[in-house]
Amino acid sequence: MSYETVRETDPTIADALAGERRRQNETLAMIASENHVSEAVLEAQGSELTNNYAEGYPGERYYGGCVYADEVESVAIERAKELWGAEHVNVQPHSGTQANMGVYLAVLEPGDRILSLDLTHGGHLSHGHPANFTGQTYEVEQYEVDPETGYIDYQGLRETAESFDPDIIVSGYSAYPREVEWERIQEAAEAVDAYHLADIAHITGLVAAGVHESPVGVADFVTGSTHKTIRAGRGGIIMCDEEHADAVDSAVFPGAQGGPAMHNVAGKAVGFGEALDPTFETYAEQTVANAQALADGLRERGLSLVSGGTDNHLVLVDLRPSHPDTTGKEVEAALEEAGLVLNANTVPGETRSPFNPSGIRAGTPALTTRGFGEAACREVADLIADVVEAPDDEHVIASVTDRVDTLTDEFRLYD
Ligand code: DSN
C-alpha cells in the first residue's frame, strides 16, 4: 500500500504512517501479542467497508446497503467455523476484551462471580481486574500459578472454585508460556455448575493450526483475538455451541457494541482464508519452535524463565534471580534503543509495580512471519542477554543495533 493520497491531503499523518512502516521494517517486533498482517489483509482493512453501517447480522440488518457486508461477514464466519470447528461464531467483537464482554453480558448479571487467573500470574485485565469493567461489575476471585513450577495450579483452582462458587471460570492467558489443560478446568467448572470461558486471544492461531490443544467443544465459550498468532488484523471473535448463539449475538450487538467495523471483518475474512492454507500450520509450528529456541538461548545465558521454558509462542523472563537490580522497564527501553521491541511484564510473585515490573515478555509470532528460524532466534536470545547484562553500556547497544540491522536486512518485511 502506498500513502500517496494521504500525503497529498495530510502530510503530517502520511509521515507518521510511513514512519510506522519504517519502524516495523527496521526493528524486530517481539511483543508476544503482535504480528504483521499481509498486504491483502491491510488492503481489506483499508477498504470502503469502513463507510458501511451494518448493525445486525447477515440477512438481518437494521440498515439497507449491506449486500456486500453480508457476503464478507458470512464468509468470515464460515472460514472461522472451518478453522476452529465451532458450531457458532461471532466475528464482530472489536477486540478480545469486547469478545469477553460479549460472553459476560450473555450469561452473567452484575454482581455475579468470576474466577480467573491473577494478572501478575499471566491473566488479563478483562478477566476481573479492579481497573477494568469486569472488576467493577462482578465479584472476582483469582487463582494462581504454582510458585515452584510456574504452571497453573489446577488443584488450587479446583479448591478455590469449590469455596468461591463462581458463575464462570475464565481460562486462557496473556503471559502464560505453557499448554493449558482445558479439560481440568472444565471439570472444575462442572463441579461447581459454572460456565467456562476459555480466552485463547494469544494462541488463537496455534489452536487453529492444531499446534495447541483446542478448548472448542470443551469450554462453553471460547474467545480470541485475530491479530496475534493468527494474522487476520485487529479484532476479536467469540465461539460457542448453538444453544448460546442468540445470547452471544444479542450481547455483542446491541448489548456491547453498535455497528460492526466491517472493514476489520473483511480483514478477518482474508486472514482466516490465509490461515486455511496448509502453509499456516508450518508457520504455527515454526512459531513454537522459534520460541523454544529463544528460551534455550536465554537459559544458556543464565536468565531465569517462568516455568523454565515454553510450549507456545512466548517466553517470560524473571530478571530477579540473575539481575536483581535490573527492572523490566529498563531492559525494555534499552532493547528498544537497539531495535528490539518487547514489553516489560509482571511475573508471578511480583515484588515491583505493574508499570516497572521484574520481568520481560518476548514472543516469536512476528519474527516467524519475517521468516526467522531457530538459528536466528538463538541469535536474538544472545542480543537480549547482552542488553540485560549491560543496559546502560552504549557500546553494547551499538553492537546489538548493528546485529539487529543485519537481521532486518536479511529477513525483510513490507516493501
Ligand atoms: N495487551 C495484550 C497483550 O499484550 O497481551 C492483550 O490484550
# chains A, B, ... in the order shown; residues from 1 in each chain; ligands from 1
$ select_by_dssp --residues "segment 170-376 of chain A" --states "strand (DSSP E)" --output "compact mmCIF listing (two decimals) with N, CA and C atoms, in the first residue's frame"
# COMPACT_ATOMS: atom_id res chain seq x y z
N VAL A 170 -12.75 -18.40 34.17
CA VAL A 170 -12.06 -17.95 32.97
C VAL A 170 -10.69 -18.62 32.89
N SER A 171 -10.42 -19.24 31.75
CA SER A 171 -9.08 -19.78 31.48
C SER A 171 -8.56 -19.07 30.23
N TYR A 195 -20.12 -21.72 34.28
CA TYR A 195 -19.70 -21.70 32.88
C TYR A 195 -18.17 -21.68 32.82
N HIS A 196 -17.65 -22.06 31.66
CA HIS A 196 -16.21 -22.00 31.44
C HIS A 196 -15.95 -21.18 30.18
N LEU A 197 -15.24 -20.07 30.35
CA LEU A 197 -14.82 -19.24 29.21
C LEU A 197 -13.33 -19.43 29.01
N ALA A 198 -12.95 -19.93 27.85
CA ALA A 198 -11.53 -20.07 27.51
C ALA A 198 -11.15 -18.92 26.57
N ASP A 199 -10.33 -18.03 27.06
CA ASP A 199 -9.90 -16.87 26.27
C ASP A 199 -8.57 -17.22 25.61
N PHE A 221 -17.62 -21.37 26.24
CA PHE A 221 -17.35 -20.22 25.36
C PHE A 221 -15.85 -20.14 25.10
N VAL A 222 -15.51 -19.80 23.87
CA VAL A 222 -14.10 -19.57 23.53
C VAL A 222 -14.03 -18.19 22.86
N THR A 223 -13.17 -17.34 23.41
CA THR A 223 -12.97 -16.04 22.78
C THR A 223 -11.54 -15.96 22.27
N GLY A 224 -11.34 -15.09 21.30
CA GLY A 224 -9.98 -14.94 20.78
C GLY A 224 -9.79 -13.57 20.20
N SER A 225 -8.55 -13.25 19.90
CA SER A 225 -8.30 -12.05 19.11
C SER A 225 -7.71 -12.53 17.78
N GLY A 236 -11.66 -9.13 17.51
CA GLY A 236 -11.98 -10.26 18.39
C GLY A 236 -12.96 -11.21 17.75
N ILE A 237 -13.22 -12.32 18.44
CA ILE A 237 -14.08 -13.37 17.91
C ILE A 237 -14.63 -14.16 19.10
N ILE A 238 -15.87 -14.62 18.97
CA ILE A 238 -16.46 -15.48 20.01
C ILE A 238 -16.94 -16.77 19.35
N MET A 239 -16.68 -17.90 20.03
CA MET A 239 -17.15 -19.20 19.54
C MET A 239 -17.93 -19.88 20.65
N CYS A 240 -19.02 -20.55 20.26
CA CYS A 240 -19.82 -21.28 21.25
C CYS A 240 -20.70 -22.29 20.54
N SER A 304 16.53 -16.53 33.91
CA SER A 304 15.55 -17.42 34.53
C SER A 304 14.20 -17.24 33.85
N LEU A 305 13.62 -18.34 33.39
CA LEU A 305 12.34 -18.27 32.69
C LEU A 305 11.23 -18.80 33.58
N LEU A 314 5.55 -17.69 23.42
CA LEU A 314 6.14 -16.63 24.25
C LEU A 314 7.02 -17.19 25.35
N VAL A 315 7.93 -16.35 25.79
CA VAL A 315 8.73 -16.66 26.98
C VAL A 315 8.60 -15.48 27.94
N LEU A 316 8.66 -15.82 29.22
CA LEU A 316 8.56 -14.80 30.26
C LEU A 316 9.82 -14.91 31.11
N VAL A 317 10.62 -13.86 31.08
CA VAL A 317 11.89 -13.85 31.82
C VAL A 317 11.67 -13.17 33.16
N ASP A 318 12.05 -13.85 34.22
CA ASP A 318 12.06 -13.23 35.56
C ASP A 318 13.49 -12.75 35.80
N LEU A 340 15.05 -3.77 19.23
CA LEU A 340 14.34 -4.99 19.62
C LEU A 340 13.17 -4.57 20.51
N VAL A 341 11.94 -4.79 20.02
CA VAL A 341 10.79 -4.24 20.73
C VAL A 341 10.03 -5.36 21.44
N ASN A 343 8.06 -6.16 25.68
CA ASN A 343 7.50 -5.39 26.79
C ASN A 343 7.91 -5.93 28.16
N ALA A 344 8.06 -4.94 29.08
CA ALA A 344 8.25 -5.28 30.48
C ALA A 344 6.97 -5.95 30.96
N ASN A 345 7.09 -6.94 31.83
CA ASN A 345 5.90 -7.70 32.24
C ASN A 345 6.02 -8.11 33.71
N GLY A 359 9.96 -8.42 35.12
CA GLY A 359 10.16 -9.36 34.02
C GLY A 359 10.08 -8.71 32.65
N ILE A 360 10.44 -9.49 31.65
CA ILE A 360 10.17 -9.10 30.26
C ILE A 360 9.49 -10.29 29.57
N ARG A 361 8.58 -9.96 28.65
CA ARG A 361 7.87 -10.98 27.88
C ARG A 361 8.30 -10.84 26.42
N ALA A 362 8.61 -11.96 25.80
CA ALA A 362 9.05 -11.90 24.39
C ALA A 362 8.33 -12.99 23.60
N GLY A 363 7.89 -12.64 22.39
CA GLY A 363 7.17 -13.61 21.57
C GLY A 363 7.76 -13.71 20.18
$ residues_near_ligand --ligand "ligand 1" --cutoff "8 Å" --atoms "only C-alpha atoms and all ligand atoms" --output "list in words"
Ile31, Ala32, Ser33, Glu34, Gly96, Thr97, His124, Leu125, Ser174, Ala175, Ala201 and His202 of chain A
$ write_last_selection --atoms "all heavy atoms" --output "compact mmCIF listing (two decimals), in the first residue's frame"
# COMPACT_ATOMS: atom_id res chain seq x y z
N ILE A 31 6.89 -8.23 20.75
CA ILE A 31 5.75 -8.17 21.66
C ILE A 31 4.89 -9.39 21.33
O ILE A 31 4.50 -9.58 20.17
CB ILE A 31 5.01 -6.83 21.49
CG1 ILE A 31 5.95 -5.73 21.99
CG2 ILE A 31 3.67 -6.84 22.21
CD1 ILE A 31 5.42 -4.35 22.05
N ALA A 32 4.65 -10.21 22.34
CA ALA A 32 4.07 -11.53 22.07
C ALA A 32 2.67 -11.44 21.48
O ALA A 32 2.18 -12.41 20.88
CB ALA A 32 4.04 -12.34 23.37
N SER A 33 2.02 -10.29 21.63
CA SER A 33 0.64 -10.13 21.13
C SER A 33 0.61 -9.42 19.78
O SER A 33 -0.47 -9.06 19.32
CB SER A 33 -0.17 -9.33 22.16
OG SER A 33 0.55 -8.19 22.58
N GLU A 34 1.78 -9.23 19.16
CA GLU A 34 1.80 -8.53 17.87
C GLU A 34 2.23 -9.47 16.75
O GLU A 34 2.88 -10.48 16.97
CB GLU A 34 2.77 -7.34 17.92
CG GLU A 34 2.23 -6.19 18.74
CD GLU A 34 3.07 -4.92 18.64
OE1 GLU A 34 4.16 -4.95 18.03
OE2 GLU A 34 2.63 -3.91 19.18
N GLY A 96 -10.36 -8.46 21.67
CA GLY A 96 -10.51 -9.61 22.57
C GLY A 96 -11.28 -9.24 23.82
O GLY A 96 -12.10 -10.02 24.32
N THR A 97 -11.05 -8.04 24.33
CA THR A 97 -11.79 -7.60 25.51
C THR A 97 -13.28 -7.47 25.20
O THR A 97 -14.13 -7.88 26.00
CB THR A 97 -11.22 -6.24 26.02
OG1 THR A 97 -9.91 -6.48 26.54
CG2 THR A 97 -12.09 -5.64 27.10
N HIS A 124 -5.50 -11.55 32.44
CA HIS A 124 -5.75 -10.38 31.60
C HIS A 124 -6.68 -9.42 32.31
O HIS A 124 -7.51 -9.83 33.13
CB HIS A 124 -6.37 -10.80 30.26
CG HIS A 124 -6.45 -9.68 29.28
ND1 HIS A 124 -7.63 -9.04 28.96
CD2 HIS A 124 -5.48 -9.06 28.55
CE1 HIS A 124 -7.40 -8.09 28.07
NE2 HIS A 124 -6.10 -8.08 27.81
N LEU A 125 -6.54 -8.14 31.99
CA LEU A 125 -7.38 -7.09 32.60
C LEU A 125 -8.87 -7.44 32.51
O LEU A 125 -9.61 -7.25 33.48
CB LEU A 125 -7.15 -5.76 31.87
CG LEU A 125 -5.83 -5.03 32.11
CD1 LEU A 125 -5.67 -3.90 31.10
CD2 LEU A 125 -5.79 -4.49 33.54
N SER A 174 -2.55 -14.24 29.06
CA SER A 174 -1.79 -13.28 28.26
C SER A 174 -0.28 -13.42 28.43
O SER A 174 0.48 -12.85 27.65
CB SER A 174 -2.17 -11.85 28.64
OG SER A 174 -3.41 -11.55 28.10
N ALA A 175 0.13 -14.07 29.50
CA ALA A 175 1.57 -14.20 29.73
C ALA A 175 1.84 -15.55 30.38
O ALA A 175 2.50 -15.64 31.41
CB ALA A 175 2.08 -13.07 30.60
N ALA A 201 -7.01 -15.65 23.27
CA ALA A 201 -6.53 -14.49 22.49
C ALA A 201 -5.10 -14.68 21.99
O ALA A 201 -4.81 -14.43 20.81
CB ALA A 201 -6.61 -13.22 23.33
N HIS A 202 -4.20 -15.12 22.87
CA HIS A 202 -2.80 -15.23 22.48
C HIS A 202 -2.53 -16.40 21.54
O HIS A 202 -1.64 -16.33 20.71
CB HIS A 202 -1.91 -15.34 23.72
CG HIS A 202 -1.36 -14.02 24.13
ND1 HIS A 202 -0.09 -13.63 23.84
CD2 HIS A 202 -1.94 -12.98 24.77
CE1 HIS A 202 0.12 -12.40 24.29
NE2 HIS A 202 -1.00 -11.98 24.86
$ closest_atom_pairs --of "segment 259-343 of chain A" --to "segment 53-71 of chain A" --cutoff "12 Å" --atoms "only C-alpha atoms" --output "CSV"
residue,atom,partner,partner_atom,distance
A:Gly259,CA,A:Glu55,CA,4.4
A:Pro260,CA,A:Ala54,CA,6.3
A:Ala261,CA,A:Tyr53,CA,8.3
A:Met262,CA,A:Ala69,CA,6.7
A:His263,CA,A:Ala69,CA,8.9
A:Asn264,CA,A:Ala69,CA,11.0
A:Val265,CA,A:Ala69,CA,8.8
A:Ala266,CA,A:Ala69,CA,8.4
A:Ala269,CA,A:Glu71,CA,10.2
$ closest_residue --among "A:Arg158, A:Arg320, A:Arg299, A:His88" --to "Glu243 of chain A" --atoms "only C-alpha atoms"
A:His88
$ residues_around --residues "Asp165 of chain A" --least-positions-apart "3" --cutoff "7 Å" --atoms "only C-alpha atoms" --output "compact mmCIF listing (two decimals) with C-alpha atoms, in the first residue's frame"
# COMPACT_ATOMS: atom_id res chain seq x y z
CA ALA A 161 -13.83 -22.89 42.78
CA GLU A 162 -15.39 -25.08 45.46
CA VAL A 192 -19.48 -26.10 40.78
$ closest_residue --among "A:Gln98, A:Thr368, A:Ser399, A:Thr279" --to "Leu28 of chain A" --atoms "only C-alpha atoms"
A:Thr368
$ closest_residue --among "A:Val404, A:Gly267, A:Ser116, A:Lys329" --to "His129 of chain A" --atoms "only C-alpha atoms"
A:Ser116
